[in-house]
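K.L.:
Submitted below is the structure of interest, expressed as structure tokens.
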Amino acid sequence: MSNFFALLKVTYKNTYSFTDGKTKKSLLKKLSPLFIFLAVLPSIVSFGFLTKEALVLLIPLQQEGIVLGLMVAVMSMIIFFFGIFLIPSIFYFSKDIDSLLSLPLKPEEIVLAKLGVALVFEYITVAFIGAPILSAYIGLVQPSLWFYVILILCLALIPIVPLVIASLIVMLVMIGLPFAKNKDFFNYLSGFLVVGFALLFNMSVTQMASTMDQNALIQLLQQGNNSLMNFYQVSIPTVPFAVKALVSLSVVDLGIYGLLTFAFIALFMVAAKTLYFRAVIGITETGANRKTLSTKAYASSTDLRNPILSYALKDLRLMVRTPIYFLNNISTVLLMPLILAGTFITGLGSDPEIDALLNMIPWDAPNLGFWMLVFGLAVGFFMSSVNLITPTAISREGSQVWFMKMIPMSYYDQALAKILGGLLISLLGAFALAFPFAIFFNVPLVHYLTLSVGIILSSIAMNYWGMLVDMLHPKLIWEQEAVPVKQNINALYTMGPAFGLGAGLFFLAAKLPLSITTFWGIPVLSILFLALDFITIYMLKKFADSSMTAIEV
Amino acid sequence: MIEIKNVSKTYSGKVKAVKNLSMTIQEGEIIGFIGPNGAGKTSTIKMMTGILSPDEGEILLNGLNIVSNPLEAKKQFGYVADNPDIFLRLKGIEYLNFMADIYHVEVSLRRERIEKYAKVFEMEKALGDKILSYSHGMRQKINLMGVLIHEPKIWILDEPLTGLDPQSAYALKELMREQTSKGNTVFFSTHVLEVAEKLCSQIALINHGEILFKGTLDELKSKHPGESLESIFLKVTSHV
């Protein structure tokens with residue numbers, strides 16, 4: 001066991017250490033956790049209020065337990081899906097694997113330590129989901145002291161089984177599918193499966209919301225005594241025991257829950273003993289052709305290009321070929337129109353929110369052009385901010401950022417090259433989202449121009465803004481390629497203003513009188529956003545040199 | 001020519017990595033920069049290449065200041081880092097062509113050089129593969145080729161021989177000599193004293209961020225008669 005604890009300590013420090021030990025942490029970096037907390041605080045608070053409202057309705061019906069049941073179910077499912085992503089990178093593809101394999105350690109010691117590291121991350125997930133729900137529940141239900149004891153034990157155990165199940169699946173896949181041992185292939189595959197699942201889940205929830213049998217639900221509510229808990233089922237087998245333990249304060253269920261959790265850990269150890277080494281040994285090997293290039297291939301590979309375009313192409317190639325970046329920065333943007341279109345079409349006529357949104361747009365009004373400009377601007381903001389290409393462009397360089405500082409190319413030109421890639425993907429996504437929508441609603445051809453202008457103007461501003469944010473605040477110290485795109489506060493600094501501006505625009509557009517928007521709307525808004533483009537370009541030019549010079553690696 | 005004048009660098013306001021370092025390396029010289037781990041070699045090299053900014057002092061590369069005239073100064077040198085793991089998902093040929101684009105190398109010239117250096121380093125069959133599939137030594141070679149493709153006047157190499165096979169190490173040493181015969185400057189850090197002994201026209205010994213000796217090997221040996229280079233090195237850097 002001493003091996004396990006020593007390994008856990010080292011692996012934990014290796015995974016969650018965010019400094020290079022050389023450079024002093026700036027005040028901004030020191031305060032980053034506070035910023036993240038403040039940024040998610042509104043969501044937590046509103047989620048808490050939502051829970052409170054639900055509880056006010058559920059308590060008289062003696063159905064308050066459903067809130068706890070849903071909490072455990074949601075926690076378990078989220079941890080399971082995070083696990084499917086997290087486990088391969090921590091168990092199989094982390095940089096320390098070769099070093100660990102050469103040490104006299106048992107396979108189960110290695111994976112158990114790595115499971116411990118993954119658990120730390122999942123407890124944060126538990127805290128974020130649990131905090132608003134539990135504060136509302138405790139405030140309204142005022143449970144006994146015994147509830148708190150059971151709650152702490154349950155919260156400590158909740159992430160274990162979903163993570164173990166995810167680990168078992170990953171270990172079996174690694175043994176069963178030889179090509180899964182190719183890190184890139186595995187990441188593409190698991191990424192697409194998760195995106196595909198999200199797409200299906202999204203569409204089925206929209207459908208379910210419109211077709212759910214209201215009578216069955218009311219009947220369940222009328223039965224009282226938390227019978228509604230039986231209404232939902234999740235595939236994590238320990239969840240019902242955790243829920244019963246919490247809702248009925250049942251020691252027996254808590255005991256069964258604890259025993260089952262330990263049984264899963266035992267199963268995990270046995271699986272690790274037999275499966276882990278068989279797949280992980282040799283995982284760092286990569287395939288290659290080792291063939292001399294043909295004359296034609298050689299000639300086409302050595303063409304002269306403009307340095308900025310060449311730099312942009314290099315960045316795009318790296319992004320497409322790095323699975324985690326492809327899935328986060330590119331595929332989401334290209335799939336997003338598909339997901340939204342799916343939700344939109346399935347919800348049309350049955351989802352009151354979608355119908356209300358459509359009713360907001362005055363299809364036959366003279367200011368439809370203005371509305372198309374607003375729509376274009378909002379789509380541009382949305383698609384440019386969700387791809388996170390420019391707000392993570394420097395962060396993705398990581399320890400290789402020295403290359404940017406060494407070559408004879410100005411920092412602004414390098415930023416421009418990175419923006420070109422971001423802009424290309426943003427525009428592709430925005431047009432793929434906006435144009436089918438316009439075609440579907442027979443928007444007159446003349447308004448496609450204002451729609452395009454809106455998309456282009458906001459995409460430029462957003463990509464320049466993202467680049468500026470990352471130049472001023474890059475996340476360069478990381479071990480896993482996922483960190484600069486998945487755990488980067490720059491996402492909030494970009495999506496926050498983008499969503500705010502998009503929503504603000506719609507709000508303003510709805511409030512302004514028809515006479516103003518019909519004649520002045522398009523020119524005034526175009527000039528305003530053109531000015532915003534110039535401001536972001538000017539700011540990047542102004543800060544590129546000083547911010548990049550300040551980066552020391 | 002490389003001129004380093006009274007350069008200092010401190011990390012986190014506490015650790016002084018380089019202390020008031022000064023030296024001049026003339027054109028046509030190969031200088032070996034030797035020192036134990038953590039002596040300040042890489043910090044000095046990073047300041048020479050613009051990766052780090054010196055807290056004090058200035059660095060001139062062929063008369064161009066790396067801080068006040070960075071773009072022109074950066075055109076003067078080619079740099080090979082101590083860690084060759086860069087752009088691993090690019091193919092070898094893509095990396096070389098990208099470097100040629102950045103340094104504005106003409107098409108005919110880049111093709112000629114790629115062919116020449118691929119042959120020298122036996123990389124012809126690896127150019128179409130991703131750098132990720134290369135061994136450490138092959139990654140080192142593709143980095144070297146990325147520098148050689150624009151034939152810089154100053155070579156700055158951080159531990160360039162680490163991981164190279166004997167043929168490639170020999171080829172690199174020959175290329176270094178060839179460069180200096182053209183009047184160019186080669187500045188490289190190394191731990192291997194024998195390499196410095198056979199290759200360098202001058203050596204600079206550094207420890208705790210300070211230059212302890214700079215001159216020819218004969219000058220160093222004459223100060224410590226009858227001692228091997230290894231024992232001189234250990235004595236000078238206070239390891240014995």
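Following the order of the structure tokens, first chain is A, next is B, and so on, with residues numbered from 1 inside each chain and ligands from 1 in the order they appear.
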Quick one: residues within 9 Å of B:Ser168, only C-alpha atoms, excluding same-chain residues fewer than 2 positions away - as an mmCIF file with C-alpha atoms, in the first residue's frame?
P.N.:
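Written output follows (result.cif):
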```cif
data_model
loop_
_atom_site.group_PDB
_atom_site.id
_atom_site.type_symbol
_atom_site.label_atom_id
_atom_site.label_comp_id
_atom_site.auth_asym_id
_atom_site.auth_seq_id
_atom_site.Cartn_x
_atom_site.Cartn_y
_atom_site.Cartn_z
ATOM 1 C CA VAL B 120 23.422 13.898 -44.980
ATOM 2 C CA PHE B 121 21.220 12.912 -42.052
ATOM 3 C CA GLU B 122 19.699 9.827 -43.750
ATOM 4 C CA GLY B 137 17.549 11.459 -32.668
ATOM 5 C CA LYS B 141 17.798 15.901 -37.079
ATOM 6 C CA LEU B 161 24.492 16.152 -30.254
ATOM 7 C CA LEU B 164 22.295 11.656 -32.557
ATOM 8 C CA ASP B 165 23.766 8.466 -33.983
ATOM 9 C CA PRO B 166 27.549 8.498 -34.650
ATOM 10 C CA TYR B 170 29.937 13.322 -37.318
ATOM 11 C CA ALA B 171 27.993 14.970 -40.147
ATOM 12 C CA LEU B 172 26.837 17.779 -37.838
ATOM 13 C CA LYS B 173 30.349 18.420 -36.603
#
```
K.L.:
Among stretch 5-235 of chain B, which ones does DSSP assign to alpha helix (DSSP H) (computed from the backbone)? Answer as a PyMOL selection string.
P.N.:
chain B and resi 41-48+70-74+92-102+107-120+136-148+166-181+193-199+217-223+229-235
K.L.:
If you count only C-alpha atoms, which residues fall within 10 Å of B:Tyr103, apart from same-chain ones fewer than 2 positions away, as a CSV table (one decimal) with C-alpha atoms, in the first residue's frame?
P.N.:
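Output file around_24.csv follows:
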```
chain,number,residue,atom,x,y,z
A,307,PRO,CA,4.6,33.3,-44.4
A,407,ILE,CA,11.3,33.3,-35.4
A,408,PRO,CA,11.7,36.5,-37.4
A,409,MET,CA,7.9,37.1,-37.7
B,74,LYS,CA,16.3,36.9,-35.5
B,75,LYS,CA,17.0,36.6,-39.2
B,97,ASN,CA,8.6,23.8,-45.9
B,98,PHE,CA,7.0,25.9,-43.2
B,99,MET,CA,10.4,26.9,-41.9
B,100,ALA,CA,11.5,27.8,-45.5
B,101,ASP,CA,8.3,30.0,-45.9
B,105,VAL,CA,13.8,30.7,-48.8
B,106,GLU,CA,13.3,30.4,-52.6
B,147,VAL,CA,17.7,25.5,-39.2
B,149,ILE,CA,17.3,25.3,-44.7
B,150,HIS,CA,17.7,29.0,-44.3
B,151,GLU,CA,21.5,28.8,-43.8
B,152,PRO,CA,21.8,31.3,-41.0
```
K.L.:
When the cut-off is 8 Å and we count only C-alpha atoms, which residues of chain A are near chain B, given as a ChimeraX atom specification?
P.N.:
/A:22-24,285-293,301-307,310-311,314,317-318,321-322,400,402,405-410,549,552-553
K.L.:
Next, the residues of the selection above should be written as a tab-separated table (two decimals), in the first residue's frame with N, CA and C atoms.
P.N.:
```
chain	number	residue	atom	x	y	z
A	22	LYS	N	9.27	28.31	-11.89
A	22	LYS	CA	10.28	29.33	-12.17
A	22	LYS	C	9.66	30.72	-12.11
A	23	THR	N	8.59	30.86	-12.88
A	23	THR	CA	7.98	32.17	-13.01
A	23	THR	C	7.03	32.44	-11.84
A	24	LYS	N	7.07	33.67	-11.38
A	24	LYS	CA	6.18	34.05	-10.30
A	24	LYS	C	4.76	34.13	-10.84
A	285	GLU	N	4.14	3.48	-28.88
A	285	GLU	CA	4.67	3.26	-30.23
A	285	GLU	C	3.74	3.90	-31.26
A	286	THR	N	4.34	4.46	-32.33
A	286	THR	CA	3.50	5.04	-33.38
A	286	THR	C	3.92	4.46	-34.73
A	287	GLY	N	2.97	4.36	-35.61
A	287	GLY	CA	3.25	3.77	-36.93
A	287	GLY	C	3.83	4.79	-37.90
A	288	ALA	N	4.55	4.30	-38.90
A	288	ALA	CA	5.10	5.20	-39.92
A	288	ALA	C	5.34	4.40	-41.20
A	289	ASN	N	5.36	5.10	-42.34
A	289	ASN	CA	5.56	4.41	-43.62
A	289	ASN	C	7.02	4.23	-43.98
A	290	ARG	N	7.80	5.25	-43.71
A	290	ARG	CA	9.22	5.27	-44.06
A	290	ARG	C	9.43	4.97	-45.55
A	291	LYS	N	8.77	5.77	-46.38
A	291	LYS	CA	8.94	5.64	-47.84
A	291	LYS	C	9.46	6.96	-48.38
A	292	THR	N	10.33	6.87	-49.34
A	292	THR	CA	10.82	8.10	-49.96
A	292	THR	C	9.66	8.77	-50.70
A	293	LEU	N	9.56	10.09	-50.59
A	293	LEU	CA	8.47	10.81	-51.25
A	293	LEU	C	8.63	10.74	-52.76
A	301	SER	N	4.89	19.48	-51.99
A	301	SER	CA	5.10	19.77	-50.56
A	301	SER	C	6.09	20.91	-50.34
A	302	THR	N	6.77	21.32	-51.39
A	302	THR	CA	7.80	22.34	-51.18
A	302	THR	C	7.49	23.64	-51.93
A	303	ASP	N	6.20	23.87	-52.17
A	303	ASP	CA	5.79	25.13	-52.82
A	303	ASP	C	6.03	26.32	-51.91
A	304	LEU	N	6.21	27.48	-52.55
A	304	LEU	CA	6.41	28.71	-51.79
A	304	LEU	C	5.06	29.27	-51.34
A	305	ARG	N	4.97	29.68	-50.10
A	305	ARG	CA	3.73	30.29	-49.61
A	305	ARG	C	4.06	31.57	-48.87
A	306	ASN	N	3.07	32.44	-48.82
A	306	ASN	CA	3.20	33.63	-47.98
A	306	ASN	C	3.38	33.16	-46.53
A	307	PRO	N	4.35	33.77	-45.78
A	307	PRO	CA	4.61	33.28	-44.43
A	307	PRO	C	3.38	33.25	-43.53
A	310	SER	N	1.28	30.34	-44.64
A	310	SER	CA	1.97	29.11	-44.27
A	310	SER	C	1.80	28.83	-42.78
A	311	TYR	N	1.89	29.87	-41.99
A	311	TYR	CA	1.74	29.76	-40.53
A	311	TYR	C	0.30	29.33	-40.20
A	314	LYS	N	-0.12	25.72	-41.06
A	314	LYS	CA	0.53	24.89	-40.03
A	314	LYS	C	-0.38	24.75	-38.81
A	317	ARG	N	-3.40	22.54	-39.63
A	317	ARG	CA	-3.01	21.13	-39.71
A	317	ARG	C	-2.88	20.53	-38.32
A	318	LEU	N	-2.21	21.27	-37.44
A	318	LEU	CA	-2.02	20.76	-36.07
A	318	LEU	C	-3.36	20.60	-35.36
A	321	ARG	N	-5.25	17.58	-36.81
A	321	ARG	CA	-4.60	16.29	-36.52
A	321	ARG	C	-4.49	15.98	-35.03
A	322	THR	N	-4.80	16.94	-34.18
A	322	THR	CA	-4.79	16.66	-32.75
A	322	THR	C	-6.24	16.41	-32.34
A	400	GLN	N	5.90	24.90	-26.09
A	400	GLN	CA	6.52	25.21	-27.38
A	400	GLN	C	6.38	26.67	-27.79
A	402	TRP	N	8.06	29.01	-27.11
A	402	TRP	CA	9.37	29.60	-27.41
A	402	TRP	C	9.55	29.78	-28.92
A	405	LYS	N	8.56	33.03	-30.18
A	405	LYS	CA	9.42	34.14	-29.77
A	405	LYS	C	10.74	34.15	-30.52
A	406	MET	N	11.06	33.02	-31.16
A	406	MET	CA	12.37	32.87	-31.78
A	406	MET	C	12.38	33.21	-33.27
A	407	ILE	N	11.24	33.07	-33.93
A	407	ILE	CA	11.26	33.26	-35.40
A	407	ILE	C	11.16	34.74	-35.79
A	408	PRO	N	11.71	35.07	-36.95
A	408	PRO	CA	11.67	36.49	-37.38
A	408	PRO	C	10.34	36.87	-38.00
A	409	MET	N	9.29	36.79	-37.22
A	409	MET	CA	7.95	37.15	-37.68
A	409	MET	C	7.29	37.91	-36.54
A	410	SER	N	6.72	39.06	-36.85
A	410	SER	CA	6.18	39.89	-35.77
A	410	SER	C	5.06	39.14	-35.04
A	549	THR	N	6.11	39.57	-25.25
A	549	THR	CA	7.43	39.72	-24.63
A	549	THR	C	7.36	39.33	-23.16
A	552	GLU	N	7.33	34.30	-20.53
A	552	GLU	CA	8.66	33.71	-20.40
A	552	GLU	C	8.53	32.24	-20.10
A	553	VAL	N	9.16	31.41	-20.93
A	553	VAL	CA	9.09	29.95	-20.69
A	553	VAL	C	10.49	29.37	-20.62
```
K.L.:
Pick out the residues sitting within 9 Å of B:Gly163, and hand them over as an MDAnalysis selection string; count only C-alpha atoms, and ignore anything fewer than 4 positions along from it in its own chain.
P.N.:
chainID B and resid 135:138 140 169
K.L.:
Considering only C-alpha atoms, return as a list in words whatever protein or nucleic-acid residues lie within 8 Å of B:Leu217, sequence-local ones (same chain, fewer than 2 positions apart) excluded.
P.N.:
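Near neighbours after the sequence-gap exclusion: Glu197, Ser201, Gln202, Ile203, Gly215, Glu219, Leu220 and Lys221 of chain B.
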K.L.:
Measuring atom to atom with only C-alpha atoms, identify which of A:Leu103, A:Leu259, A:Ala136, A:Val247 is nearest to A:Val161.
P.N.:
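Ranking A:Leu103, A:Leu259, A:Ala136, A:Val247 by distance to A:Val161, first place goes to A:Leu259.
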K.L.:
What residues in stretch 145-193 of chain B get the DSSP label strand (DSSP E or B)? Please answer as a ChimeraX atom specification.
P.N.:
/B:154-158,185-190
K.L.:
Residues at most 10 Å from A:Glu122, counting only C-alpha atoms, excluding those fewer than 3 positions away in the same chain, as a list in words?
P.N.:
Met75, Ser76, Ile78, Ile79, Phe80, Phe82, Gly83, Gly116, Val117, Ala118, Leu119, Thr125, Val126, Ala127, Phe128, Ile158, Pro159, Ile160 and Leu163 of chain A
K.L.:
Would you mind exporting the chosen residues as a compact mmCIF listing (two decimals), in the first residue's frame, restricted to N, CA and C atoms?
P.N.:
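Saved as selection_6.txt:
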```txt
# COMPACT_ATOMS: atom_id res chain seq x y z
N MET A 75 -25.39 13.52 -11.24
CA MET A 75 -23.97 13.44 -10.87
C MET A 75 -23.33 12.19 -11.46
N SER A 76 -24.01 11.06 -11.28
CA SER A 76 -23.45 9.78 -11.73
C SER A 76 -23.27 9.77 -13.24
N ILE A 78 -23.02 12.33 -15.37
CA ILE A 78 -22.00 13.28 -15.82
C ILE A 78 -20.60 12.73 -15.54
N ILE A 79 -20.44 12.16 -14.35
CA ILE A 79 -19.12 11.60 -13.99
C ILE A 79 -18.78 10.44 -14.93
N PHE A 80 -19.77 9.64 -15.27
CA PHE A 80 -19.52 8.52 -16.19
C PHE A 80 -19.04 9.05 -17.55
N PHE A 82 -17.74 12.05 -18.28
CA PHE A 82 -16.42 12.67 -18.12
C PHE A 82 -15.36 11.57 -18.06
N GLY A 83 -15.72 10.50 -17.36
CA GLY A 83 -14.79 9.39 -17.16
C GLY A 83 -14.36 8.76 -18.48
N GLY A 116 -7.47 7.45 -8.30
CA GLY A 116 -7.51 8.42 -7.20
C GLY A 116 -7.37 9.84 -7.73
N VAL A 117 -6.48 10.01 -8.71
CA VAL A 117 -6.26 11.33 -9.29
C VAL A 117 -7.52 11.80 -10.04
N ALA A 118 -8.11 10.86 -10.81
CA ALA A 118 -9.33 11.20 -11.55
C ALA A 118 -10.46 11.57 -10.58
N LEU A 119 -10.49 10.89 -9.42
CA LEU A 119 -11.55 11.15 -8.44
C LEU A 119 -11.52 12.60 -7.93
N THR A 125 -16.71 18.25 -9.67
CA THR A 125 -17.99 18.15 -10.40
C THR A 125 -19.14 17.97 -9.40
N VAL A 126 -18.91 17.06 -8.43
CA VAL A 126 -19.93 16.79 -7.41
C VAL A 126 -20.27 18.08 -6.65
N ALA A 127 -19.24 18.85 -6.32
CA ALA A 127 -19.46 20.08 -5.55
C ALA A 127 -20.29 21.08 -6.36
N PHE A 128 -19.97 21.21 -7.66
CA PHE A 128 -20.69 22.19 -8.48
C PHE A 128 -22.16 21.82 -8.67
N ILE A 158 -20.22 8.66 -4.30
CA ILE A 158 -20.92 8.80 -5.60
C ILE A 158 -20.00 8.69 -6.83
N PRO A 159 -18.85 9.39 -6.89
CA PRO A 159 -18.08 9.33 -8.14
C PRO A 159 -17.40 7.99 -8.40
N ILE A 160 -17.26 7.15 -7.36
CA ILE A 160 -16.42 5.95 -7.51
C ILE A 160 -16.99 4.97 -8.55
N LEU A 163 -17.01 6.09 -12.26
CA LEU A 163 -15.64 6.12 -12.78
C LEU A 163 -15.11 4.72 -12.99
```
